[in-house]
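Quick look at structure25.txt (compact mmCIF, C-alpha atoms):
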```txt
# COMPACT_ATOMS: atom_id res chain seq x y z
CA MET Z 1 125.31 48.49 65.77
CA TRP Z 2 127.91 45.74 65.98
CA ALA Z 3 128.25 46.19 69.70
CA PHE Z 4 124.51 45.84 70.04
CA LEU Z 5 124.43 42.75 67.84
CA HIS Z 6 127.17 41.15 69.84
CA ARG Z 7 125.49 41.88 73.11
CA PHE Z 8 122.22 40.51 71.75
CA ALA Z 9 123.91 37.40 70.45
CA SER Z 10 125.42 36.66 73.84
CA PRO Z 11 123.58 33.61 75.18
CA ARG Z 12 122.85 35.08 78.56
CA TYR Z 13 121.41 38.31 77.20
CA PHE Z 14 119.33 36.37 74.69
CA TYR Z 15 118.03 34.07 77.41
CA ASN Z 16 116.88 36.94 79.62
CA LEU Z 17 115.42 39.06 76.83
CA SER Z 18 113.49 36.19 75.25
CA GLY Z 19 112.22 35.21 78.69
CA ARG Z 20 110.61 38.63 79.01
CA LEU Z 21 109.31 38.59 75.44
CA ILE Z 22 107.72 35.14 75.37
CA PRO Z 23 104.71 35.80 77.68
CA TRP Z 24 103.70 38.85 75.64
CA LEU Z 25 104.09 37.02 72.36
CA GLY Z 26 102.23 34.01 73.71
CA TRP Z 27 99.19 35.89 74.95
CA PHE Z 28 99.00 38.01 71.82
CA THR Z 29 99.19 34.83 69.72
CA LEU Z 30 96.34 33.26 71.66
CA LEU Z 31 94.21 36.38 71.32
CA LEU Z 32 94.79 36.61 67.57
CA MET Z 33 94.12 32.91 67.12
CA LEU Z 34 90.79 33.12 68.94
CA ALA Z 35 89.86 36.16 66.86
CA GLY Z 36 90.91 34.35 63.69
CA LEU Z 37 88.86 31.29 64.63
CA TYR Z 38 85.77 33.36 65.27
CA LEU Z 39 86.20 35.37 62.08
CA GLY Z 40 86.95 32.32 59.98
CA LEU Z 41 84.35 29.92 61.30
CA VAL Z 42 81.48 32.30 62.06
CA TRP Z 43 81.92 35.72 60.49
CA ALA Z 44 83.18 34.76 57.03
CA PRO Z 45 80.40 33.99 54.54
CA THR Z 46 79.85 30.55 53.01
CA ASP Z 47 81.53 30.05 49.64
CA TYR Z 48 79.13 29.94 46.69
CA GLN Z 49 80.95 26.98 45.13
CA GLN Z 50 82.59 25.06 47.93
CA GLY Z 51 80.06 25.63 50.70
CA ASP Z 52 81.57 25.53 54.17
CA SER Z 53 84.34 23.11 53.25
CA TYR Z 54 86.46 26.08 52.16
CA ARG Z 55 86.81 27.11 55.84
CA ILE Z 56 89.75 24.70 55.95
CA ILE Z 57 91.58 27.52 54.15
CA PHE Z 58 92.05 29.35 57.45
CA VAL Z 59 94.39 26.66 58.74
CA HIS Z 60 95.64 25.30 55.43
CA VAL Z 61 96.97 28.44 53.79
CA PRO Z 62 98.62 30.01 56.88
CA SER Z 63 100.27 26.63 57.59
CA ALA Z 64 101.58 26.41 54.05
CA TRP Z 65 102.87 30.00 54.18
CA MET Z 66 104.58 29.30 57.49
CA SER Z 67 106.12 26.07 56.24
CA MET Z 68 107.95 28.10 53.59
CA PHE Z 69 108.64 31.17 55.75
CA ILE Z 70 110.24 29.07 58.48
CA TYR Z 71 112.39 27.25 55.97
CA VAL Z 72 113.68 30.58 54.66
CA VAL Z 73 114.39 31.75 58.23
CA MET Z 74 116.30 28.51 58.77
CA ALA Z 75 118.34 29.00 55.61
CA VAL Z 76 119.12 32.66 56.38
CA ALA Z 77 120.11 31.81 59.95
CA SER Z 78 122.30 29.01 58.61
CA ALA Z 79 124.03 31.39 56.21
CA ILE Z 80 124.64 33.88 59.05
CA MET Z 81 126.10 31.09 61.15
CA LEU Z 82 128.40 29.96 58.32
CA VAL Z 83 129.61 33.45 57.41
CA TRP Z 84 129.84 35.25 60.75
CA LYS Z 85 130.11 32.23 63.05
CA ILE Z 86 127.32 33.54 65.27
CA LYS Z 87 126.26 30.57 67.37
CA LEU Z 88 122.90 32.06 68.24
CA ALA Z 89 121.99 31.94 64.53
CA ASP Z 90 122.56 28.20 64.63
CA VAL Z 91 120.32 27.93 67.69
CA VAL Z 92 117.58 29.75 65.77
CA ALA Z 93 117.96 27.47 62.77
CA GLN Z 94 117.90 24.36 64.90
CA SER Z 95 114.91 25.51 66.94
CA SER Z 96 112.94 26.32 63.79
CA ALA Z 97 113.12 22.86 62.27
CA VAL Z 98 110.48 21.13 64.40
CA VAL Z 99 107.92 23.94 64.13
CA GLY Z 100 108.60 24.17 60.41
CA ALA Z 101 108.08 20.46 59.92
CA SER Z 102 104.88 20.69 61.98
CA PHE Z 103 103.44 23.41 59.75
CA THR Z 104 104.43 21.47 56.63
CA PHE Z 105 102.69 18.42 58.03
CA LEU Z 106 99.60 20.53 58.81
CA ALA Z 107 99.56 22.04 55.32
CA LEU Z 108 99.68 18.57 53.79
CA VAL Z 109 97.08 16.99 56.08
CA THR Z 110 94.58 19.85 55.95
CA GLY Z 111 95.10 20.01 52.20
CA SER Z 112 94.30 16.35 51.99
CA LEU Z 113 91.17 16.84 54.09
CA TRP Z 114 90.14 19.64 51.73
CA GLY Z 115 91.07 17.74 48.60
CA LYS Z 116 88.91 14.73 49.38
CA PRO Z 117 85.53 16.54 49.30
CA MET Z 118 86.54 19.00 46.54
CA TRP Z 119 88.71 16.98 44.17
CA GLY Z 120 87.52 13.53 45.17
CA ALA Z 121 91.00 12.38 46.16
CA TRP Z 122 93.05 12.54 49.35
CA TRP Z 123 96.24 12.87 47.37
CA VAL Z 124 97.33 13.55 43.81
CA TRP Z 125 100.89 13.74 42.51
CA ASP Z 126 100.46 17.34 41.54
CA ALA Z 127 103.49 19.67 41.42
CA ARG Z 128 102.32 21.82 44.35
CA LEU Z 129 101.60 18.83 46.59
CA THR Z 130 104.77 16.99 45.60
CA SER Z 131 107.06 19.96 46.19
CA GLU Z 132 105.45 20.56 49.59
CA LEU Z 133 106.04 16.89 50.43
CA ILE Z 134 109.68 17.35 49.44
CA LEU Z 135 109.80 20.29 51.86
CA LEU Z 136 108.65 17.97 54.65
CA PHE Z 137 111.43 15.55 53.76
CA LEU Z 138 113.93 18.42 53.75
CA TYR Z 139 112.93 19.27 57.32
CA PHE Z 140 113.19 15.60 58.32
CA GLY Z 141 116.55 15.30 56.57
CA TYR Z 142 117.84 18.38 58.38
CA MET Z 143 116.80 17.06 61.78
CA ALA Z 144 118.11 13.55 61.08
CA LEU Z 145 121.44 14.87 59.82
CA ARG Z 146 121.94 17.02 62.91
CA ALA Z 147 120.99 14.18 65.20
CA ALA Z 148 123.36 11.79 63.44
CA ILE Z 149 126.52 13.87 63.91
CA GLU Z 150 127.91 13.92 67.40
CA ASP Z 151 130.20 16.92 67.21
CA ARG Z 152 128.01 20.02 67.58
CA ASN Z 153 129.99 22.26 65.24
CA THR Z 154 130.16 19.68 62.48
CA ALA Z 155 126.45 18.97 62.88
CA ALA Z 156 125.68 22.68 62.67
CA ARG Z 157 127.72 23.13 59.51
CA ALA Z 158 126.33 20.04 57.79
CA GLY Z 159 122.78 21.10 58.65
CA ALA Z 160 123.43 24.62 57.40
CA VAL Z 161 124.68 23.37 54.04
CA LEU Z 162 121.68 21.06 53.67
CA SER Z 163 119.22 23.83 54.49
CA LEU Z 164 120.90 26.18 52.01
CA VAL Z 165 120.80 23.62 49.23
CA GLY Z 166 117.16 22.84 49.99
CA VAL Z 167 116.11 26.47 49.72
CA VAL Z 168 115.79 26.07 45.91
CA ASN Z 169 112.61 24.14 46.68
CA ILE Z 170 110.90 27.26 48.04
CA PRO Z 171 110.45 29.11 44.71
CA ILE Z 172 109.53 25.78 43.14
CA ILE Z 173 106.66 25.42 45.62
CA HIS Z 174 105.51 28.99 45.05
CA TYR Z 175 105.64 28.91 41.24
CA SER Z 176 104.61 25.26 40.83
CA VAL Z 177 101.03 26.33 40.14
CA TYR Z 178 102.22 28.44 37.19
CA TRP Z 179 104.99 26.25 35.80
CA TRP Z 180 102.96 23.08 35.71
CA ASN Z 181 99.36 22.30 35.04
CA THR Z 182 98.24 21.61 38.58
CA LEU Z 183 95.00 20.51 40.12
CA HIS Z 184 95.89 22.79 43.02
CA GLN Z 185 94.51 26.27 42.41
CA GLY Z 186 96.73 29.25 41.67
CA ALA Z 187 97.61 32.06 44.05
CA THR Z 188 94.70 34.24 45.12
CA VAL Z 189 96.43 36.43 47.69
CA THR Z 190 100.20 36.53 47.09
CA LYS Z 191 100.22 37.96 43.59
CA PHE Z 192 100.80 41.40 42.14
CA ASP Z 193 97.16 41.98 41.25
CA ALA Z 194 94.58 42.70 43.89
CA PRO Z 195 93.75 39.47 45.78
CA SER Z 196 90.89 37.61 44.08
CA ILE Z 197 89.16 36.68 47.30
CA ASP Z 198 86.26 38.26 49.16
CA VAL Z 199 87.37 40.73 51.85
CA ARG Z 200 85.29 38.91 54.45
CA MET Z 201 87.37 35.80 53.72
CA LEU Z 202 90.65 37.65 53.32
CA ILE Z 203 90.54 39.33 56.75
CA PRO Z 204 90.23 36.09 58.77
CA LEU Z 205 92.91 34.55 56.57
CA LEU Z 206 95.34 37.37 57.30
CA VAL Z 207 94.51 37.34 61.03
CA MET Z 208 95.21 33.61 61.16
CA ALA Z 209 98.41 34.06 59.17
CA LEU Z 210 99.64 36.67 61.64
CA ALA Z 211 98.63 34.45 64.57
CA PHE Z 212 100.59 31.54 63.11
CA LYS Z 213 103.60 33.75 62.55
CA LEU Z 214 103.57 34.96 66.15
CA TYR Z 215 103.03 31.38 67.28
CA TYR Z 216 106.17 30.41 65.41
CA PHE Z 217 108.21 33.19 67.02
CA THR Z 218 106.90 32.21 70.46
CA THR Z 219 107.66 28.50 70.23
CA MET Z 220 110.92 29.03 68.36
CA LEU Z 221 112.15 31.34 71.13
CA MET Z 222 111.02 28.82 73.75
CA SER Z 223 113.00 26.04 72.06
CA ALA Z 224 115.96 28.35 71.50
CA ARG Z 225 116.07 29.12 75.23
CA CYS Z 226 116.24 25.41 76.00
CA GLU Z 227 119.00 24.99 73.46
CA VAL Z 228 120.96 27.88 75.03
CA LEU Z 229 120.57 26.32 78.48
CA GLU Z 230 121.77 22.99 77.18
CA ARG Z 231 124.80 24.47 75.44
CA GLU Z 232 125.72 26.73 78.36
CA ARG Z 233 125.12 24.20 81.09
CA ASN Z 234 128.69 24.45 82.33
CA ASN Z 235 128.55 28.21 82.80
CA THR Z 236 127.90 29.68 86.22
CA TRP Z 237 124.90 31.80 85.22
CA VAL Z 238 123.02 28.69 84.05
CA GLN Z 239 123.98 26.76 87.17
CA GLU Z 240 122.82 29.58 89.41
CA LEU Z 241 119.51 29.69 87.55
CA ALA Z 242 119.06 25.94 87.88
CA GLU Z 243 119.77 26.04 91.60
CA LYS Z 244 117.26 28.80 92.13
CA LYS Z 245 114.61 26.86 90.21
CA ALA Z 246 115.20 23.54 91.93
CA MET H 247 74.38 25.86 66.68
CA ARG H 248 73.57 22.54 65.06
CA GLU H 249 73.91 24.17 61.68
CA PHE H 250 77.28 25.60 62.70
CA LEU H 251 78.58 22.21 63.82
CA ASN H 252 77.32 20.61 60.64
CA MET H 253 79.44 22.93 58.44
CA GLY H 254 77.11 22.52 55.46
CA GLY H 255 77.68 18.77 55.45
CA TYR H 256 81.47 19.05 55.56
CA ALA H 257 81.71 18.69 59.34
CA PHE H 258 84.13 15.76 59.22
CA TYR H 259 86.66 17.47 56.95
CA VAL H 260 86.49 20.90 58.57
CA TRP H 261 86.55 19.80 62.21
CA THR H 262 89.22 17.16 61.65
CA SER H 263 91.44 19.82 60.08
CA TYR H 264 90.97 22.18 62.99
CA ALA H 265 91.39 19.41 65.57
CA ILE H 266 94.67 18.17 64.08
CA ALA H 267 95.96 21.74 63.88
CA LEU H 268 95.06 22.28 67.53
CA VAL H 269 96.82 19.10 68.66
CA VAL H 270 99.98 19.90 66.70
CA LEU H 271 100.12 23.52 67.90
CA VAL H 272 99.53 22.61 71.55
CA ALA H 273 102.14 19.84 71.40
CA ASN H 274 104.72 22.23 69.95
CA PHE H 275 104.00 24.66 72.75
CA ILE H 276 104.19 22.18 75.62
CA ALA H 277 107.32 20.35 74.45
CA PRO H 278 109.80 23.22 75.09
CA MET H 279 108.18 23.99 78.48
CA ARG H 280 108.70 20.41 79.61
CA ARG H 281 112.18 20.30 78.13
CA ARG H 282 113.17 23.42 80.05
CA SER H 283 112.05 22.14 83.43
CA GLU H 284 113.73 18.77 82.79
CA LEU H 285 116.94 20.54 81.82
CA MET H 286 116.86 22.74 84.91
CA ASN H 287 116.36 19.70 87.11
CA SER H 288 119.15 17.71 85.53
CA ILE H 289 121.59 20.62 85.79
CA ALA H 290 120.70 21.15 89.46
CA ARG H 291 120.97 17.42 90.19
CA ARG H 292 124.41 17.23 88.65
CA LEU H 293 125.55 20.24 90.68
CA ARG H 294 124.38 18.65 93.93
CA ARG H 295 126.13 15.42 93.05
CA GLU H 296 129.38 17.26 92.39
CA ARG H 297 129.15 19.24 95.63
CA SER H 298 128.47 16.23 97.83
CA ARG H 299 131.57 14.50 96.57
```
What would the structure in this file look like if it were written as structure tokens?
Amino acid sequence: MWAFLHRFASPRYFYNLSGRLIPWLGWFTLLLMLAGLYLGLVWAPTDYQQGDSYRIIFVHVPSAWMSMFIYVVMAVASAIMLVWKIKLADVVAQSSAVVGASFTFLALVTGSLWGKPMWGAWWVWDARLTSELILLFLYFGYMALRAAIEDRNTAARAGAVLSLVGVVNIPIIHYSVYWWNTLHQGATVTKFDAPSIDVRMLIPLLVMALAFKLYYFTTMLMSARCEVLERERNNTWVQELAEKKA
Amino acid sequence: MREFLNMGGYAFYVWTSYAIALVVLVANFIAPMRRRSELMNSIARRLRRERSR
């Protein structure tokens, strides 16, 4: 097990393996996304209260889920890097930040575009919205902190500590709709009861969620490969690759 | 088709959401591809420079 982990965590092995994985992941993501779009925009029935405006859910909710999932991945990878000094874990954390911030941005913007017709306001200082905004700032803070420190190891450690401290925000986002009286609706899928949503709406939602998750893995691996190249640029295997490409 | 595009009167909100999502997702996909080819080029360039010295 340890031998396998070590081999996997070697930059060169990771670079080659992810290179073979990415095309598969990418095409599967595209396929799922097209299916999700069709199911969500055409197949799913119109909501009896919200009309067709609710179809924003199929980008809004998966984005919001991903914004939190990616943050947790970042925090776990950071912890692994701090405890076991595995550099590849740091690469994963670093490569997740931009995609994570993108999904947080999408959750906020699509939420705003849904809030305007349904609540009558683009933005309210509701606990769910505010904690999600804080998540966006955590991502920005993480990226800014890393960019501000020149020494790579110090930057990695500082970023890891920040991401671990910020992880307290994740349960706050999830439970905000119970702890406070929010305008944002409560959970309809991620609760212990059966989901209180029509199956014909739930299926496209889950397909989109899976598509977004695969999308994250695809782009994160793509960024991680670049990061590995950059960090290993003085090694012969990278130089040989570059010469072959050029 | 017209009815589909109209989204029950919510066309602006629905299509703007999907359009922004598309732009963000495509941008996040293209950025690492471009970064990789730029990196490869700069590594190769530096190697050539060192060799010719």
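Across the model, the gap from CA of Pro278 in chain H to CA of Leu108 in chain Z is 24.0 Å.
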Could you list the residues in chain H lying within 6 Å of chain Z, using only C-alpha atoms, and format the result as a ChimeraX atom specification? /H:253-254,256,259-260,263,275,278,282,286,290
If we count all atoms listed in the file and set the cut-off at 7 Å, which residues sit around Asp126 in chain Z, ignoring sequence neighbours fewer than 4 positions away in its own chain? Please answer as a VMD selection string. chain Z and resid 130 182 to 183
Take the selection from the previous step and output its residues with C-alpha atoms, as a CSV table (one decimal), keeping the file's coordinate frame.
```csv
chain,number,residue,atom,x,y,z
Z,130,THR,CA,104.8,17.0,45.6
Z,182,THR,CA,98.2,21.6,38.6
Z,183,LEU,CA,95.0,20.5,40.1
```
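CA of Val73 in chain Z sits 7.9 Å away from CA of Ser96 in chain Z.
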Take every atom of range 53-57 of chain Z listed in the file, pad by 3 Å on each side, and give me the axis-aligned box centre and edge lengths in Å, one decimal, as AutoDock Vina command-line options.
```
--center_x 88.0 --center_y 25.3 --center_z 54.1 --size_x 13.2 --size_y 10.4 --size_z 9.8
```
Would you pick out the contacts of Ile134 in chain Z at 9 Å or less, using all atoms listed in the file, so that residues sharing its chain but fewer than 5 positions from it are not included, and give the list as a ChimeraX atom specification? /Z:129,139,169
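One distance worth recording is that between CA of Lys85 in chain Z and CA of Tyr13 in chain Z, which is 17.7 Å.
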Just want the 9 Å neighbourhood of Leu251 in chain H, counted on all atoms listed in the file, with same-chain residues fewer than 4 positions away dropped. Output as a PyMOL selection string. chain H and resi 247+257+261
Write out as a PDB file with C-alpha atoms, in the frame of the given file the residues lying within 9 Å of Ala89 in chain Z, counting all atoms listed in the file and excluding same-chain residues fewer than 6 positions away.
```
ATOM      1  CA  ALA Z   9     123.910  37.400  70.450  1.00  0.00           C
ATOM      2  CA  MET Z  74     116.300  28.510  58.770  1.00  0.00           C
ATOM      3  CA  VAL Z  76     119.120  32.660  56.380  1.00  0.00           C
ATOM      4  CA  ALA Z  77     120.110  31.810  59.950  1.00  0.00           C
ATOM      5  CA  SER Z  78     122.300  29.010  58.610  1.00  0.00           C
ATOM      6  CA  ALA Z  79     124.030  31.390  56.210  1.00  0.00           C
ATOM      7  CA  ILE Z  80     124.640  33.880  59.050  1.00  0.00           C
ATOM      8  CA  MET Z  81     126.100  31.090  61.150  1.00  0.00           C
TER       9      MET Z  81
END
```
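If you count all atoms listed in the file and ignore residues fewer than 2 places along the chain from Leu162 in chain Z, what sits within 12 Å of it is Tyr71, Met74, Ala75, Ser78, Ala79, Ala93, Phe137, Leu138, Tyr139, Phe140, Gly141, Tyr142, Met143, Ala144, Leu145, Arg146, Ala155, Ala156, Arg157, Ala158, Gly159, Ala160, Leu164, Val165, Gly166, Val167, Val168 and Asn169 of chain Z.
Using all atoms listed in the file for every distance, the candidate list Z:Val199, Z:Ile86, Z:Leu214, Z:Val228 yields Z:Leu214 as the residue closest to Leu30 in chain Z.
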